[in-house]
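Everything below concerns the one structure shown next.
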Amino acid sequence: MASERIAKHRAAVLRPILELEERGEPISAAIGDAAWELGLAKSHTWSLYRRLRENDARVTALELDRRGPKPGSKRIAQDVEIIIDESLQRYYLVRERSSFLRIWREIRAECEARGFQPPTRKTVKARLDAMDQRAVIRKRRGAEEADKVFAARPGRLEVSTPLEVVQIDHTTADIILVDHVNRRPLARPYLTVAIDVATRIVLGAYVTFDEPSVLSIALCLDHCVRRKSVHVPGTLEEVVWPTAGIPKAIHVDNAQEFHSDAFKMACEDWGITVEYRPLGGKHYGGHVERLIGTTMGAVHVLPGTTQSSIVEKGDYDSEKHAALTLIEFEDWLHLEICRYHNTVHEALGRTPLSAWADLGGDTAGRQVVDVEAFRTSFLPFEWRKLGRTGVTLFGVHYWSDVFASLVGRRQGKVQVKYDPRDLSQVWVIIDDGRVISARYRDLSHPQISLWESRRARKEWQDKHGGRINERVLFHLIDAQRRLAEAARQKTRTARLENERGARLPRHQPRRDPSREMFAIDTGNPDLPTYEIDEFNDPRRKN
């Protein structure tokens, strides 16, 4: 082709000049001679020469149909390309934002030190412009700033029906609480909140000292489906919290507990759609986050508040002024939510409670008849084999009389659901979907928590190894409880554990072993047996 022939001719004329330049000799006169030979202007010849030099003297760089290098294209020495790339990654694409001019000078110095022809400023800028600009801003300014510039912004979440969409999220409350015995400072509690998007009603809330988990979600949703009222301290008055129902869809973030099998299976079971926040989509879930922010603002007036930042806290001693227990804080939170429900919401133009009533919240969704079944379905579970002696969970045997009719019917492994706060009862889901409540096989065992069980089993494993006997497990837990009681006033950890024990499920009364008569574990082969003497009545005739 003519263009190729011309390009070859131009390359043949210009290549000797490259050798002159490499030897350090002046090339201006040689460029002039080349321009006369090629019949081109000297400026055009200079342009062709630079193109040839930057592309390793390749003929294709001089073809007539080319219109110069594309932005970001790489037509310089590979070693120089590596220096440019490494320098940009090391000095430019970092949060310590050096200027581009400084980076270019670093690249030139590095090339000159290695004996390479340094790139021009325009060449380095072209490499930078060819990069993904969202990635550049993310590395220099952070993901949030990058999202502000590049992330898609869908329209507002328009929901017109109560219970159509409920958002759930966790946060750490900006307050330090005290224990209920000595009222000494303990820790900041965790708060799980569920808000109805259409009405901004708070459907449910749960407060705990334990980090967010499947249990937190279960108890928050349990609160959502129950009819609620709040007692006003110091009075006989109760404030009505008349909102309840099963959400049609739940919007959550990507926390591990929201991806648990227990949560997803329970939602599927109750016909609840789960939608996850897109990774990096911080603007999603804004309704519940704004509510949490409002609630945290109210917390800042309470004694023991940590405020939202060190600057705002100043020299305020949060631990010194801490005064509320977990239960007292929960009662305050419920009253604060009821106050919020009766305050005009700017986006709604009315109170959330009015919006709930106007939009037919009481009839908008399904109501739960068996609230205990709903709560149980969201509890964590383990798969266990149902055998002749019942099921075993965390080293403890459980039995129900219903199991007798199921033995030998090839049930396989069954779901065993449990409440980590109270392991004295579990719920076994068999093949036909029935839920069977089972208790300790040995009813003389005291109520224990999963945390106590784990601690005792770890102590045994560290000292002896192997599996721990059920009886030894309860002996260890009893010993640990005695030690914890002795240390309760000395360590915050022990007092925190004591708070866990005090926070039993409110639907289950505290057991008083001294008032109970216990059944005997007839399946225990270690129990002593006694001979039975036959009583002969002299009045009885043979």
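Convention: chains lettered A, B, ... in structure tokens order; per-chain residue numbering from 1; ligands numbered from 1 as shown.
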I need the helix (DSSP H, G or I) residues of stretch 301-428 of chain A per DSSP on the backbone, written as a VMD selection string.
chain A and resid 310 to 313 318 to 321 326 to 341 352 to 358 361 to 364 371 to 377 401 to 405
Per DSSP on the backbone, what are the strand (DSSP E) residues of stretch 302-445 of chain A, as a PyMOL selection string? chain A and resi 381-385+391-393+396-399+413-419+422-429+435-440
request  = Would you list the contacts of stretch 440-453 of chain A as a PyMOL selection string, taking every protein, DNA or RNA residue within 6 Å and counting only C-alpha atoms, but skipping same-chain residues closer than 3 positions in sequence?
outcome  = chain A and resi 397-399+420-424+456+518+521
Could you write out the selected residues, including C-alpha atoms, as a PDB file, in the first residue's frame?
ATOM      1  CA  HIS A 397     -29.144 -33.876  76.043  1.00  0.00           C
ATOM      2  CA  TYR A 398     -32.722 -32.786  75.346  1.00  0.00           C
ATOM      3  CA  TRP A 399     -35.900 -34.818  75.396  1.00  0.00           C
ATOM      4  CA  PRO A 420     -28.416 -18.298  73.255  1.00  0.00           C
ATOM      5  CA  ARG A 421     -29.566 -16.595  76.449  1.00  0.00           C
ATOM      6  CA  ASP A 422     -31.350 -19.670  77.768  1.00  0.00           C
ATOM      7  CA  LEU A 423     -30.345 -23.199  76.733  1.00  0.00           C
ATOM      8  CA  SER A 424     -32.790 -24.944  79.074  1.00  0.00           C
ATOM      9  CA  ALA A 456     -16.799 -24.038  80.346  1.00  0.00           C
ATOM     10  CA  PHE A 518     -37.491 -32.460  89.498  1.00  0.00           C
ATOM     11  CA  ASP A 521     -33.505 -38.866  84.211  1.00  0.00           C
TER      12      ASP A 521
END
Within 8 Å of A:Val252 using only C-alpha atoms, minus same-chain residues under 5 positions, as an mmCIF file with C-alpha atoms, in the first residue's frame:
data_model
loop_
_atom_site.group_PDB
_atom_site.id
_atom_site.type_symbol
_atom_site.label_atom_id
_atom_site.label_comp_id
_atom_site.auth_asym_id
_atom_site.auth_seq_id
_atom_site.Cartn_x
_atom_site.Cartn_y
_atom_site.Cartn_z
ATOM 1 C CA GLN A 167 -35.345 -1.178 56.980
ATOM 2 C CA ILE A 168 -33.264 -2.740 59.774
ATOM 3 C CA ASP A 169 -29.885 -1.591 61.007
ATOM 4 C CA PHE A 258 -28.199 -10.793 57.602
ATOM 5 C CA VAL A 274 -34.916 -9.668 51.688
ATOM 6 C CA GLU A 275 -33.075 -6.972 49.729
ATOM 7 C CA TYR A 276 -29.429 -6.242 50.453
ATOM 8 C CA ARG A 277 -27.727 -2.890 50.193
ATOM 9 C CA GLY A 285 -30.944 2.490 53.909
#
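The gap separating atom CA of A:Val396 from atom CA of A:Ser213 is 22.8 Å, in Å to one decimal.
Using only C-alpha atoms, the smallest distance between any of A:Ile477, A:Leu62, A:Ser47, A:Gly32 and A:Ile6 comes from A:Leu62.
Take the candidates A:Ala143, A:His321, A:Leu302, A:Val371 and check each one against A:Arg227 using only C-alpha atoms; the shortest distance goes to A:Val371.
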Could you list, as an MDAnalysis selection string, every residue within 8 Å of A:Asp196, counting only C-alpha atoms and ignoring same-chain residues fewer than 3 positions away? chainID A and resid 162:167 199:203
What lies within 6 Å of A:Lys8 using only C-alpha atoms, ignoring chain neighbours under 3 positions off, as a tab-separated table (two decimals) with all heavy atoms, in the first residue's frame?
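New file out-v4.tsv:
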chain	number	residue	atom	x	y	z
A	5	ARG	N	4.41	2.22	2.06
A	5	ARG	CA	5.64	2.54	1.32
A	5	ARG	C	6.19	3.89	1.75
A	5	ARG	O	7.40	4.05	1.98
A	5	ARG	CB	5.37	2.52	-0.19
A	5	ARG	CG	6.64	2.69	-1.03
A	5	ARG	CD	6.33	2.48	-2.52
A	5	ARG	NE	5.37	3.46	-3.02
A	5	ARG	CZ	4.11	3.17	-3.33
A	5	ARG	NH1	3.65	1.93	-3.18
A	5	ARG	NH2	3.30	4.11	-3.82
A	11	ALA	N	10.74	6.37	7.60
A	11	ALA	CA	11.48	5.73	8.70
A	11	ALA	C	12.94	5.57	8.32
A	11	ALA	O	13.84	5.77	9.15
A	11	ALA	CB	10.86	4.37	9.02
A	59	VAL	N	7.85	1.37	11.95
A	59	VAL	CA	7.32	1.97	10.72
A	59	VAL	C	5.86	2.33	10.89
A	59	VAL	O	5.38	3.36	10.37
A	59	VAL	CB	7.52	1.01	9.53
A	59	VAL	CG1	6.80	1.53	8.30
A	59	VAL	CG2	9.00	0.81	9.26
Using only C-alpha atoms, determine which residues lie at most 12 Å from A:Asp261, disregarding the query and same-chain residues fewer than 4 positions distant; provide the list as a short mmCIF file (atom, residue, chain, number, x, y, z; two decimals) with C-alpha atoms, in the first residue's frame.
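Saved result, part.cif, follows:
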data_model
loop_
_atom_site.label_atom_id
_atom_site.label_comp_id
_atom_site.auth_asym_id
_atom_site.auth_seq_id
_atom_site.Cartn_x
_atom_site.Cartn_y
_atom_site.Cartn_z
CA VAL A 214 -28.85 -13.38 64.48
CA GLN A 256 -22.82 -11.34 58.28
CA GLU A 257 -25.90 -11.89 60.46
CA MET A 265 -34.79 -19.34 55.81
CA ALA A 266 -37.12 -17.67 58.31
CA CYS A 267 -37.84 -14.80 55.91
CA GLU A 268 -38.60 -17.28 53.15
CA ASP A 269 -40.82 -19.22 55.53
CA SER A 377 -38.26 -19.26 63.47
CA PHE A 378 -35.63 -16.49 63.43
CA LEU A 379 -33.48 -18.01 66.16
CA PRO A 380 -30.12 -19.58 65.23
CA PHE A 381 -30.07 -23.32 64.71
CA GLU A 382 -27.84 -26.37 64.36
CA TRP A 383 -28.43 -29.62 62.49
CA GLN A 415 -33.07 -28.39 62.82
CA LYS A 417 -33.25 -23.93 67.21
#
